[in-house]
$ cat my_file.json   # JSON, C-alpha atoms
[["chain", "number", "residue", "atom", "x", "y", "z"],
["D", 16, "MET", "CA", 35.78, 33.20, 9.27],
["D", 17, "ALA", "CA", 34.10, 30.85, 6.78],
["D", 18, "ALA", "CA", 32.56, 27.65, 8.08],
["D", 19, "PRO", "CA", 34.45, 24.52, 7.08],
["D", 20, "GLU", "CA", 32.97, 22.60, 4.18],
["D", 21, "PRO", "CA", 31.55, 19.15, 5.00],
["D", 22, "THR", "CA", 34.03, 16.35, 4.53],
["D", 23, "HIS", "CA", 33.42, 13.14, 2.60],
["D", 24, "ALA", "CA", 33.10, 11.31, 5.94],
["D", 25, "ASP", "CA", 30.41, 13.75, 7.09],
["D", 26, "GLN", "CA", 28.48, 13.30, 3.85],
["D", 27, "SER", "CA", 28.79, 9.52, 4.12],
["D", 28, "THR", "CA", 27.47, 9.60, 7.70],
["D", 29, "ASP", "CA", 24.53, 11.80, 6.68],
["D", 30, "ASN", "CA", 23.76, 9.45, 3.78],
["D", 31, "THR", "CA", 23.82, 6.41, 6.08],
["D", 32, "ARG", "CA", 21.47, 8.13, 8.52],
["D", 33, "ASP", "CA", 19.18, 9.08, 5.64],
["D", 34, "ILE", "CA", 19.04, 5.46, 4.44],
["D", 35, "ARG", "CA", 18.38, 4.15, 7.94],
["D", 36, "PHE", "CA", 15.58, 6.65, 8.48],
["D", 37, "GLY", "CA", 14.10, 5.77, 5.08],
["D", 38, "LEU", "CA", 14.16, 2.07, 5.94],
["D", 39, "MET", "CA", 12.57, 2.77, 9.33],
["D", 40, "LEU", "CA", 9.78, 4.69, 7.62],
["D", 41, "ALA", "CA", 9.22, 1.91, 5.08],
["D", 42, "LEU", "CA", 9.12, -0.77, 7.81],
["D", 43, "SER", "CA", 6.73, 1.27, 9.95],
["D", 44, "ALA", "CA", 4.47, 1.85, 6.96],
["D", 45, "ALA", "CA", 4.49, -1.88, 6.20],
["D", 46, "PHE", "CA", 3.40, -2.65, 9.75],
["D", 47, "LEU", "CA", 0.56, -0.11, 9.67],
["D", 48, "PHE", "CA", -0.54, -1.28, 6.24],
["D", 49, "SER", "CA", -0.57, -4.86, 7.57],
["D", 50, "THR", "CA", -3.42, -3.91, 9.90],
["D", 51, "LYS", "CA", -5.59, -2.83, 6.96],
["D", 52, "PRO", "CA", -6.90, -6.26, 5.86],
["D", 53, "ILE", "CA", -7.64, -7.17, 9.47],
["D", 54, "LEU", "CA", -9.73, -4.04, 9.96],
["D", 55, "ILE", "CA", -11.47, -4.50, 6.61],
["D", 56, "LYS", "CA", -12.36, -8.15, 7.24],
["D", 57, "TRP", "CA", -13.66, -7.21, 10.70],
["D", 58, "LEU", "CA", -15.79, -4.40, 9.25],
["D", 59, "TYR", "CA", -17.11, -6.81, 6.60],
["D", 60, "SER", "CA", -18.16, -9.13, 9.43],
["D", 61, "LEU", "CA", -20.15, -6.21, 10.85],
["D", 62, "GLY", "CA", -22.09, -5.94, 7.60],
["D", 63, "MET", "CA", -20.16, -3.30, 5.65],
["D", 64, "SER", "CA", -19.24, -3.77, 1.98],
["D", 65, "ALA", "CA", -16.36, -2.61, -0.22],
["D", 66, "MET", "CA", -17.59, 0.60, -1.90],
["D", 67, "PRO", "CA", -19.28, 2.25, 1.12],
["D", 68, "LEU", "CA", -16.24, 1.42, 3.28],
["D", 69, "MET", "CA", -13.84, 2.81, 0.70],
["D", 70, "GLY", "CA", -15.91, 5.99, 0.33],
["D", 71, "LEU", "CA", -16.11, 6.70, 4.07],
["D", 72, "ARG", "CA", -12.43, 5.88, 4.53],
["D", 73, "MET", "CA", -11.40, 8.44, 1.92],
["D", 74, "VAL", "CA", -13.81, 11.11, 3.18],
["D", 75, "ILE", "CA", -12.41, 10.79, 6.72],
["D", 76, "ALA", "CA", -8.83, 10.94, 5.44],
["D", 77, "LEU", "CA", -9.37, 13.87, 3.03],
["D", 78, "PRO", "CA", -9.35, 16.75, 5.60],
["D", 79, "VAL", "CA", -5.91, 15.69, 6.82],
["D", 80, "TYR", "CA", -4.49, 15.88, 3.31],
["D", 81, "LEU", "CA", -6.24, 19.20, 2.62],
["D", 82, "VAL", "CA", -4.86, 20.82, 5.78],
["D", 83, "ILE", "CA", -1.30, 19.55, 5.28],
["D", 84, "GLY", "CA", -1.42, 20.31, 1.55],
["D", 85, "SER", "CA", -2.60, 23.90, 2.11],
["D", 86, "MET", "CA", 0.12, 24.49, 4.72],
["D", 87, "LEU", "CA", 2.80, 23.21, 2.36],
["D", 88, "TRP", "CA", 1.40, 25.30, -0.51],
["D", 89, "LYS", "CA", 1.64, 28.51, 1.54],
["D", 90, "ARG", "CA", 5.27, 27.79, 2.41],
["D", 91, "MET", "CA", 6.34, 27.24, -1.21],
["D", 92, "GLU", "CA", 8.43, 30.07, -2.59],
["D", 93, "GLN", "CA", 7.95, 28.77, -6.12],
["D", 94, "LYS", "CA", 4.61, 27.15, -6.90],
["D", 95, "PRO", "CA", 4.70, 23.92, -8.95],
["D", 96, "ALA", "CA", 3.37, 23.90, -12.49],
["D", 97, "GLY", "CA", -0.18, 22.75, -13.14],
["D", 98, "THR", "CA", 1.01, 19.90, -15.35],
["D", 99, "THR", "CA", 3.23, 18.64, -12.53],
["D", 100, "MET", "CA", 0.28, 18.51, -10.14],
["D", 101, "LEU", "CA", -1.92, 16.88, -12.76],
["D", 102, "ARG", "CA", 0.65, 14.12, -13.20],
["D", 103, "ALA", "CA", 0.71, 13.57, -9.45],
["D", 104, "ALA", "CA", -3.09, 13.43, -9.41],
["D", 105, "ALA", "CA", -3.09, 10.85, -12.21],
["D", 106, "VAL", "CA", -0.51, 8.72, -10.40],
["D", 107, "GLY", "CA", -2.66, 8.91, -7.27],
["D", 108, "LEU", "CA", -5.54, 7.30, -9.16],
["D", 109, "LEU", "CA", -3.36, 4.24, -9.67],
["D", 110, "GLY", "CA", -2.06, 3.87, -6.14],
["D", 111, "TYR", "CA", -4.90, 5.10, -3.95],
["D", 112, "TYR", "CA", -8.07, 4.70, -6.02],
["D", 113, "LEU", "CA", -7.73, 1.75, -8.38],
["D", 114, "ALA", "CA", -5.42, -0.29, -6.14],
["D", 115, "SER", "CA", -7.68, 0.32, -3.11],
["D", 116, "LEU", "CA", -10.85, -0.51, -5.03],
["D", 117, "LEU", "CA", -9.44, -3.80, -6.31],
["D", 118, "ASP", "CA", -8.00, -4.64, -2.89],
["D", 119, "LEU", "CA", -11.22, -4.05, -0.94],
["D", 120, "SER", "CA", -13.24, -5.92, -3.56],
["D", 121, "GLY", "CA", -10.84, -8.89, -3.45],
["D", 122, "LEU", "CA", -10.96, -9.06, 0.35],
["D", 123, "GLU", "CA", -14.65, -9.92, 0.11],
["D", 124, "TYR", "CA", -13.56, -13.33, -1.25],
["D", 125, "VAL", "CA", -10.11, -14.25, 0.10],
["D", 126, "SER", "CA", -8.44, -14.47, 3.50],
["D", 127, "ALA", "CA", -6.43, -11.62, 5.00],
["D", 128, "GLN", "CA", -3.33, -13.83, 4.84],
["D", 129, "LEU", "CA", -3.60, -14.41, 1.08],
["D", 130, "GLU", "CA", -4.42, -10.75, 0.44],
["D", 131, "ARG", "CA", -1.33, -9.50, 2.26],
["D", 132, "LEU", "CA", 0.97, -11.98, 0.51],
["D", 133, "MET", "CA", -0.48, -11.11, -2.89],
["D", 134, "LEU", "CA", 0.11, -7.41, -2.25],
["D", 135, "TYR", "CA", 3.53, -8.16, -0.78],
["D", 136, "ALA", "CA", 4.49, -9.64, -4.16],
["D", 137, "TYR", "CA", 4.24, -6.21, -5.82],
["D", 138, "PRO", "CA", 8.03, -5.67, -5.59],
["D", 139, "SER", "CA", 8.39, -8.47, -8.15],
["D", 140, "MET", "CA", 6.15, -6.47, -10.47],
["D", 141, "VAL", "CA", 8.15, -3.31, -9.74],
["D", 142, "VAL", "CA", 11.35, -5.11, -10.73],
["D", 143, "VAL", "CA", 9.92, -6.67, -13.91],
["D", 144, "ILE", "CA", 8.10, -3.56, -15.13],
["D", 145, "GLY", "CA", 11.06, -1.38, -14.21],
["D", 146, "ALA", "CA", 13.37, -3.59, -16.28],
["D", 147, "LEU", "CA", 11.00, -3.81, -19.26],
["D", 148, "PHE", "CA", 9.82, -0.21, -19.53],
["D", 149, "PHE", "CA", 12.01, 2.01, -17.34],
["D", 150, "GLY", "CA", 15.48, 0.71, -18.20],
["D", 151, "ALA", "CA", 16.19, -0.49, -14.66],
["D", 152, "LYS", "CA", 19.09, -2.92, -14.33],
["D", 153, "VAL", "CA", 18.42, -6.27, -12.68],
["D", 154, "SER", "CA", 20.67, -9.19, -11.81],
["D", 155, "ARG", "CA", 20.25, -12.81, -12.89],
["D", 156, "SER", "CA", 19.05, -13.67, -9.38],
["D", 157, "VAL", "CA", 15.71, -12.12, -10.30],
["D", 158, "ILE", "CA", 14.53, -15.23, -12.17],
["D", 159, "PRO", "CA", 14.82, -17.74, -9.29],
["D", 160, "ALA", "CA", 13.47, -15.07, -6.93],
["D", 161, "LEU", "CA", 10.40, -14.66, -9.13],
["D", 162, "VAL", "CA", 9.94, -18.43, -9.30],
["D", 163, "LEU", "CA", 10.04, -18.69, -5.51],
["D", 164, "THR", "CA", 7.65, -15.77, -5.10],
["D", 165, "TYR", "CA", 4.95, -17.06, -7.42],
["D", 166, "ALA", "CA", 5.35, -20.66, -6.30],
["D", 167, "GLY", "CA", 4.62, -19.44, -2.78],
["D", 168, "LEU", "CA", 1.59, -17.50, -4.00],
["D", 169, "GLY", "CA", 0.33, -20.61, -5.77],
["D", 170, "ILE", "CA", 0.59, -22.61, -2.53],
["D", 171, "MET", "CA", -1.24, -19.88, -0.59],
["D", 172, "TYR", "CA", -3.96, -19.84, -3.25],
["D", 173, "GLY", "CA", -4.40, -23.58, -2.77],
["D", 174, "HIS", "CA", -4.47, -23.06, 1.00],
["D", 175, "ASP", "CA", -7.31, -20.54, 0.62],
["D", 176, "LEU", "CA", -9.26, -23.02, -1.48],
["D", 177, "GLN", "CA", -9.00, -25.54, 1.35],
["D", 178, "ILE", "CA", -10.00, -23.19, 4.17],
["D", 179, "ALA", "CA", -12.75, -21.33, 2.30],
["D", 180, "PRO", "CA", -15.81, -20.82, 4.53],
["D", 181, "PRO", "CA", -19.13, -22.47, 3.61],
["D", 182, "GLY", "CA", -20.82, -20.76, 0.71],
["D", 183, "THR", "CA", -17.55, -19.60, -0.86],
["D", 184, "SER", "CA", -16.85, -21.35, -4.17],
["D", 185, "ASP", "CA", -13.52, -21.96, -5.90],
["D", 186, "SER", "CA", -14.50, -19.37, -8.50],
["D", 187, "ASP", "CA", -14.99, -16.81, -5.69],
["D", 188, "ILE", "CA", -11.45, -17.48, -4.40],
["D", 189, "THR", "CA", -10.09, -17.19, -7.95],
["D", 190, "LYS", "CA", -11.97, -13.94, -8.51],
["D", 191, "GLY", "CA", -10.67, -12.49, -5.26],
["D", 192, "THR", "CA", -7.12, -13.58, -6.06],
["D", 193, "LEU", "CA", -7.20, -11.92, -9.49],
["D", 194, "LEU", "CA", -8.60, -8.72, -7.98],
["D", 195, "ILE", "CA", -5.79, -8.60, -5.40],
["D", 196, "LEU", "CA", -3.17, -9.27, -8.09],
["D", 197, "GLY", "CA", -4.68, -6.41, -10.09],
["D", 198, "SER", "CA", -4.34, -4.23, -7.00],
["D", 199, "ALA", "CA", -0.68, -5.24, -6.64],
["D", 200, "LEU", "CA", -0.05, -4.41, -10.31],
["D", 201, "SER", "CA", -1.73, -1.01, -9.94],
["D", 202, "PHE", "CA", 0.31, -0.21, -6.82],
["D", 203, "SER", "CA", 3.55, -1.30, -8.49],
["D", 204, "LEU", "CA", 2.86, 1.16, -11.31],
["D", 205, "PHE", "CA", 2.18, 3.83, -8.69],
["D", 206, "ILE", "CA", 5.55, 3.12, -7.05],
["D", 207, "LEU", "CA", 7.38, 3.47, -10.37],
["D", 208, "PHE", "CA", 5.56, 6.58, -11.59],
["D", 209, "SER", "CA", 5.59, 8.31, -8.20],
["D", 210, "LYS", "CA", 9.37, 8.76, -8.09],
["D", 211, "ARG", "CA", 9.28, 11.68, -10.53],
["D", 212, "GLY", "CA", 6.36, 13.38, -8.78],
["D", 213, "ILE", "CA", 8.00, 13.04, -5.37],
["D", 214, "ALA", "CA", 11.21, 14.57, -6.72],
["D", 215, "GLU", "CA", 9.29, 17.51, -8.21],
["D", 216, "LEU", "CA", 6.79, 18.18, -5.42],
["D", 217, "GLY", "CA", 8.33, 16.69, -2.30],
["D", 218, "SER", "CA", 6.98, 13.58, -0.64],
["D", 219, "LEU", "CA", 4.38, 15.28, 1.58],
["D", 220, "PHE", "CA", 2.80, 17.52, -1.06],
["D", 221, "PHE", "CA", 2.86, 14.72, -3.63],
["D", 222, "THR", "CA", 0.95, 12.49, -1.20],
["D", 223, "CYS", "CA", -1.64, 15.22, -0.57],
["D", 224, "ILE", "CA", -2.22, 15.72, -4.31],
["D", 225, "SER", "CA", -2.38, 12.01, -5.14],
["D", 226, "MET", "CA", -4.67, 11.16, -2.22],
["D", 227, "GLY", "CA", -6.89, 14.14, -3.01],
["D", 228, "SER", "CA", -7.43, 12.98, -6.59],
["D", 229, "ALA", "CA", -8.09, 9.43, -5.41],
["D", 230, "THR", "CA", -10.71, 10.72, -2.96],
["D", 231, "ILE", "CA", -12.52, 12.65, -5.70],
["D", 232, "ALA", "CA", -12.53, 9.57, -7.94],
["D", 233, "THR", "CA", -13.82, 7.44, -5.07],
["D", 234, "LEU", "CA", -16.66, 9.84, -4.28],
["D", 235, "VAL", "CA", -17.69, 10.01, -7.94],
["D", 236, "HIS", "CA", -17.67, 6.21, -8.12],
["D", 237, "TYR", "CA", -19.61, 5.97, -4.85],
["D", 238, "SER", "CA", -22.28, 8.47, -5.94],
["D", 239, "ILE", "CA", -22.80, 6.57, -9.19],
["D", 240, "SER", "CA", -22.93, 3.09, -7.65],
["D", 241, "GLU", "CA", -24.55, 3.80, -4.27],
["D", 242, "GLY", "CA", -26.17, 7.22, -4.62],
["D", 243, "LEU", "CA", -25.70, 10.08, -2.17],
["D", 244, "VAL", "CA", -26.63, 7.92, 0.81],
["D", 245, "ILE", "CA", -24.44, 7.24, 3.86],
["D", 246, "PRO", "CA", -24.54, 3.55, 4.79],
["D", 247, "GLU", "CA", -26.06, 2.50, 8.09],
["D", 248, "MET", "CA", -23.40, 3.00, 10.76],
["D", 249, "ASP", "CA", -23.03, 2.31, 14.47],
["D", 250, "THR", "CA", -20.24, 3.01, 16.97],
["D", 251, "PRO", "CA", -18.04, -0.05, 16.16],
["D", 252, "ARG", "CA", -18.31, 0.65, 12.42],
["D", 253, "TRP", "CA", -17.39, 4.31, 12.87],
["D", 254, "ILE", "CA", -14.43, 3.50, 15.12],
["D", 255, "GLY", "CA", -13.15, 0.80, 12.77],
["D", 256, "THR", "CA", -13.53, 3.02, 9.70],
["D", 257, "PHE", "CA", -11.79, 5.94, 11.44],
["D", 258, "VAL", "CA", -8.82, 3.75, 12.48],
["D", 259, "LEU", "CA", -8.68, 2.34, 8.94],
["D", 260, "ALA", "CA", -8.66, 5.83, 7.43],
["D", 261, "ILE", "CA", -6.10, 7.47, 9.71],
["D", 262, "ILE", "CA", -3.84, 4.77, 11.19],
["D", 263, "ALA", "CA", -3.87, 2.32, 8.26],
["D", 264, "THR", "CA", -4.10, 4.86, 5.40],
["D", 265, "VAL", "CA", -3.07, 8.46, 6.11],
["D", 266, "VAL", "CA", -0.03, 7.86, 8.33],
["D", 267, "PRO", "CA", 1.59, 5.06, 6.26],
["D", 268, "SER", "CA", 0.89, 6.86, 2.95],
["D", 269, "PHE", "CA", 3.10, 9.76, 4.09],
["D", 270, "MET", "CA", 5.70, 7.28, 5.37],
["D", 271, "VAL", "CA", 5.87, 5.43, 2.02],
["D", 272, "SER", "CA", 6.32, 8.62, -0.01],
["D", 273, "GLU", "CA", 9.09, 9.85, 2.28],
["D", 274, "ALA", "CA", 10.75, 6.41, 2.22],
["D", 275, "ILE", "CA", 10.72, 6.38, -1.60],
["D", 276, "LYS", "CA", 12.31, 9.82, -1.56],
["D", 277, "ARG", "CA", 15.13, 8.66, 0.74],
["D", 278, "ILE", "CA", 15.87, 5.09, -0.39],
["D", 279, "GLY", "CA", 14.18, 4.72, -3.79],
["D", 280, "PRO", "CA", 11.19, 2.60, -4.91],
["D", 281, "ALA", "CA", 12.97, -0.77, -5.00],
["D", 282, "LYS", "CA", 14.30, -0.69, -1.43],
["D", 283, "ALA", "CA", 11.07, 0.86, -0.16],
["D", 284, "SER", "CA", 9.01, -1.97, -1.63],
["D", 285, "VAL", "CA", 11.28, -4.82, -0.53],
["D", 286, "SER", "CA", 11.53, -3.52, 3.03],
["D", 287, "GLY", "CA", 7.90, -4.44, 3.67],
["D", 288, "THR", "CA", 8.94, -7.95, 4.74],
["D", 289, "ILE", "CA", 7.22, -7.68, 8.10],
["D", 290, "GLY", "CA", 3.83, -7.02, 6.51],
["D", 291, "PRO", "CA", 2.72, -10.58, 5.71],
["D", 292, "VAL", "CA", 4.03, -11.91, 9.03],
["D", 293, "MET", "CA", 2.16, -9.31, 11.08],
["D", 294, "THR", "CA", -1.02, -9.75, 9.04],
["D", 295, "THR", "CA", -0.87, -13.52, 9.46],
["D", 296, "ILE", "CA", -0.40, -13.27, 13.22],
["D", 297, "MET", "CA", -3.28, -10.80, 13.54],
["D", 298, "ALA", "CA", -5.51, -12.84, 11.21],
["D", 299, "ILE", "CA", -5.04, -15.89, 13.42],
["D", 300, "LEU", "CA", -5.46, -14.02, 16.71],
["D", 301, "PHE", "CA", -8.29, -11.64, 15.84],
["D", 302, "LEU", "CA", -10.11, -13.20, 12.87],
["D", 303, "GLY", "CA", -9.66, -16.86, 13.75],
["D", 304, "GLU", "CA", -8.34, -17.72, 10.27],
["D", 305, "PRO", "CA", -6.87, -21.24, 9.96],
["D", 306, "PHE", "CA", -3.12, -21.56, 9.57],
["D", 307, "GLY", "CA", -1.32, -24.74, 8.52],
["D", 308, "TRP", "CA", 1.89, -26.01, 6.98],
["D", 309, "ALA", "CA", 0.78, -24.98, 3.48],
["D", 310, "ALA", "CA", 0.51, -21.38, 4.67],
["D", 311, "VAL", "CA", 3.93, -21.61, 6.35],
["D", 312, "VAL", "CA", 5.56, -22.92, 3.16],
["D", 313, "GLY", "CA", 3.76, -20.44, 0.91],
["D", 314, "MET", "CA", 4.59, -17.43, 3.09],
["D", 315, "THR", "CA", 8.22, -18.51, 3.46],
["D", 316, "LEU", "CA", 8.70, -18.92, -0.31],
["D", 317, "VAL", "CA", 7.15, -15.54, -1.06],
["D", 318, "MET", "CA", 9.21, -13.75, 1.57],
["D", 319, "ILE", "CA", 12.47, -15.40, 0.45],
["D", 320, "GLY", "CA", 11.68, -14.63, -3.18],
["D", 321, "VAL", "CA", 10.84, -10.98, -2.58],
["D", 322, "SER", "CA", 13.83, -10.45, -0.28],
["D", 323, "ARG", "CA", 16.16, -11.65, -3.08],
["D", 324, "LEU", "CA", 14.86, -9.16, -5.61],
["D", 325, "LYS", "CA", 17.57, -6.57, -6.19]]

$ encode --input "my_file.json" --output "structure tokens"
Amino acid sequence: MAAPEPTHADQSTDNTRDIRFGLMLALSAAFLFSTKPILIKWLYSLGMSAMPLMGLRMVIALPVYLVIGSMLWKRMEQKPAGTTMLRAAAVGLLGYYLASLLDLSGLEYVSAQLERLMLYAYPSMVVVIGALFFGAKVSRSVIPALVLTYAGLGIMYGHDLQIAPPGTSDSDITKGTLLILGSALSFSLFILFSKRGIAELGSLFFTCISMGSATIATLVHYSISEGLVIPEMDTPRWIGTFVLAIIATVVPSFMVSEAIKRIGPAKASVSGTIGPVMTTIMAILFLGEPFGWAAVVGMTLVMIGVSRLK
């Protein structure tokens, strides 16, 4: 006797569960990513700098992607085309090499709170670029949402100017802000271009390919700028770098790709609302960063603006 075909109600239930799981993955990734600036700022306080930290982080993470990628490759009945994998590798350079490089460089100048809010604004870039170049439909509510978002970022920028530590000039804060915005732009392009690669390769294998290419680019950059020399490390630096590589990089990178697969790039990017809040709380508790009314207003405006982007 043939098994009964799934009803419309069954399909609707499965779709709802899929969306909920996708949102849970996106929220969990946002939380783990929110620990990244805290760990980086702490490691900077221990004497590490952007390029050595980025290189070690990627080297530690690479074996995980190689193992998972090889396992997935063996299970594939039909191997993906070389051009498909090359596209995924190129997209990975945007999201995991260039965006990371600009982010770590910017964090040398700005607070963890400003960094997380600047990166949190990337959904606004996803919406605008998607509408301009990818034919995505947007509602009229986008304009006031964008105004709120960037007004909030402007207030947070001013807040960073006021709380800048001795020896940090206004031009340093501006430089750091522009680097973080460049990182947000690079990651927004990654979000938009990754949808095709995820559909063709699956979220896990796509992440392995994109992270692998980013690691190669990072190591080439590191060897050119620093030489083939491992920076001076001690136990706290190794522990912090390991946690940064695995907990704040590897795990959430798989979560983001799977979330994009299930709920799409727009919902996956907007669902990161908890990121700035968690980063702010941790920055105050663990880094001792000042927090005043300007930061409250700026963060609130950004979060309201991003949450209204449809």

$ atom_distance --input "my_file.json" --atom1 "CA of Ile254 in chain D" --atom2 "CA of Met66 in chain D"
17.6 Å

$ atom_distance --input "my_file.json" --atom1 "CA of Ser43 in chain D" --atom2 "CA of Pro267 in chain D"
7.4 Å

$ residues_near_point --input "my_file.json" --point "(-5.9, -2.0, 9.9)" --cutoff "6 Å" --atoms "all atoms listed in the file" --output "PDB file with C-alpha atoms, keeping the file's coordinate frame"
ATOM      1  CA  THR D  50      -3.420  -3.910   9.900  1.00  0.00           C
ATOM      2  CA  LYS D  51      -5.590  -2.830   6.960  1.00  0.00           C
ATOM      3  CA  PRO D  52      -6.900  -6.260   5.860  1.00  0.00           C
ATOM      4  CA  ILE D  53      -7.640  -7.170   9.470  1.00  0.00           C
ATOM      5  CA  LEU D  54      -9.730  -4.040   9.960  1.00  0.00           C
ATOM      6  CA  LEU D 259      -8.680   2.340   8.940  1.00  0.00           C
ATOM      7  CA  ALA D 263      -3.870   2.320   8.260  1.00  0.00           C
TER       8      ALA D 263
END

$ atom_distance --input "my_file.json" --atom1 "CA of Leu58 in chain D" --atom2 "CA of Val106 in chain D"
28.1 Å

$ residues_around --input "my_file.json" --residues "Lys152 in chain D" --least-positions-apart "3" --cutoff "9 Å" --atoms "all atoms listed in the file" --output "ChimeraX atom specification"
/D:142,145-146

$ closest_residue --input "my_file.json" --among "D:Leu129, D:Leu116, D:Met171, D:Leu176" --to "Val312 in chain D" --atoms "all atoms listed in the file"
D:Met171

$ closest_atom_pairs --input "my_file.json" --of "range 191-279 of chain D" --to "range 71-93 of chain D" --cutoff "8 Å" --atoms "all atoms listed in the file" --output "CSV"
residue,atom,partner,partner_atom,distance
D:Leu219,CA,D:Gly84,CA,7.7
D:Phe220,CA,D:Gly84,CA,5.7
D:Thr222,CA,D:Tyr80,CA,7.8
D:Cys223,CA,D:Tyr80,CA,4.9
D:Ile224,CA,D:Gly84,CA,7.5
D:Met226,CA,D:Tyr80,CA,7.3
D:Gly227,CA,D:Leu77,CA,6.5
D:Thr230,CA,D:Met73,CA,5.4
D:Thr233,CA,D:Met73,CA,7.5
D:Thr256,CA,D:Arg72,CA,6.0
D:Phe257,CA,D:Ile75,CA,6.8
D:Leu259,CA,D:Arg72,CA,6.8
D:Ala260,CA,D:Arg72,CA,4.8
D:Ile261,CA,D:Ala76,CA,6.1
D:Thr264,CA,D:Ala76,CA,7.7
D:Val265,CA,D:Ala76,CA,6.3

$ build_atoms --input "my_file.json" --residues "range 289-304 of chain D" --atoms "N, CA and C atoms" --output "PDB file, in the frame of the given file"
ATOM      1  N   ILE D 289       7.968  -7.362   6.879  1.00  0.00           N
ATOM      2  CA  ILE D 289       7.220  -7.680   8.100  1.00  0.00           C
ATOM      3  C   ILE D 289       5.714  -7.694   7.868  1.00  0.00           C
ATOM      4  N   GLY D 290       5.258  -7.120   6.756  1.00  0.00           N
ATOM      5  CA  GLY D 290       3.830  -7.020   6.510  1.00  0.00           C
ATOM      6  C   GLY D 290       3.080  -8.335   6.551  1.00  0.00           C
ATOM      7  N   PRO D 291       3.446  -9.313   5.716  1.00  0.00           N
ATOM      8  CA  PRO D 291       2.720 -10.580   5.710  1.00  0.00           C
ATOM      9  C   PRO D 291       2.761 -11.309   7.050  1.00  0.00           C
ATOM     10  N   VAL D 292       3.903 -11.229   7.740  1.00  0.00           N
ATOM     11  CA  VAL D 292       4.030 -11.910   9.030  1.00  0.00           C
ATOM     12  C   VAL D 292       3.064 -11.307  10.044  1.00  0.00           C
ATOM     13  N   MET D 293       3.042  -9.973  10.126  1.00  0.00           N
ATOM     14  CA  MET D 293       2.160  -9.310  11.080  1.00  0.00           C
ATOM     15  C   MET D 293       0.692  -9.555  10.735  1.00  0.00           C
ATOM     16  N   THR D 294       0.365  -9.493   9.441  1.00  0.00           N
ATOM     17  CA  THR D 294      -1.020  -9.750   9.040  1.00  0.00           C
ATOM     18  C   THR D 294      -1.440 -11.162   9.390  1.00  0.00           C
ATOM     19  N   THR D 295      -0.554 -12.132   9.145  1.00  0.00           N
ATOM     20  CA  THR D 295      -0.870 -13.520   9.460  1.00  0.00           C
ATOM     21  C   THR D 295      -1.115 -13.715  10.946  1.00  0.00           C
ATOM     22  N   ILE D 296      -0.239 -13.140  11.763  1.00  0.00           N
ATOM     23  CA  ILE D 296      -0.400 -13.270  13.220  1.00  0.00           C
ATOM     24  C   ILE D 296      -1.728 -12.656  13.663  1.00  0.00           C
ATOM     25  N   MET D 297      -2.031 -11.459  13.154  1.00  0.00           N
ATOM     26  CA  MET D 297      -3.280 -10.800  13.540  1.00  0.00           C
ATOM     27  C   MET D 297      -4.504 -11.520  12.994  1.00  0.00           C
ATOM     28  N   ALA D 298      -4.386 -12.102  11.789  1.00  0.00           N
ATOM     29  CA  ALA D 298      -5.510 -12.840  11.210  1.00  0.00           C
ATOM     30  C   ALA D 298      -5.852 -14.065  12.055  1.00  0.00           C
ATOM     31  N   ILE D 299      -4.822 -14.721  12.572  1.00  0.00           N
ATOM     32  CA  ILE D 299      -5.040 -15.890  13.420  1.00  0.00           C
ATOM     33  C   ILE D 299      -5.622 -15.485  14.772  1.00  0.00           C
ATOM     34  N   LEU D 300      -5.052 -14.428  15.365  1.00  0.00           N
ATOM     35  CA  LEU D 300      -5.460 -14.020  16.710  1.00  0.00           C
ATOM     36  C   LEU D 300      -6.833 -13.345  16.735  1.00  0.00           C
ATOM     37  N   PHE D 301      -7.086 -12.467  15.772  1.00  0.00           N
ATOM     38  CA  PHE D 301      -8.290 -11.640  15.840  1.00  0.00           C
ATOM     39  C   PHE D 301      -9.416 -12.092  14.919  1.00  0.00           C
ATOM     40  N   LEU D 302      -9.065 -12.754  13.810  1.00  0.00           N
ATOM     41  CA  LEU D 302     -10.110 -13.200  12.870  1.00  0.00           C
ATOM     42  C   LEU D 302     -10.372 -14.695  12.940  1.00  0.00           C
ATOM     43  N   GLY D 303      -9.483 -15.421  13.632  1.00  0.00           N
ATOM     44  CA  GLY D 303      -9.660 -16.860  13.750  1.00  0.00           C
ATOM     45  C   GLY D 303      -9.414 -17.611  12.448  1.00  0.00           C
ATOM     46  N   GLU D 304      -8.605 -17.026  11.542  1.00  0.00           N
ATOM     47  CA  GLU D 304      -8.340 -17.720  10.270  1.00  0.00           C
ATOM     48  C   GLU D 304      -7.442 -18.928  10.503  1.00  0.00           C
TER      49      GLU D 304
END
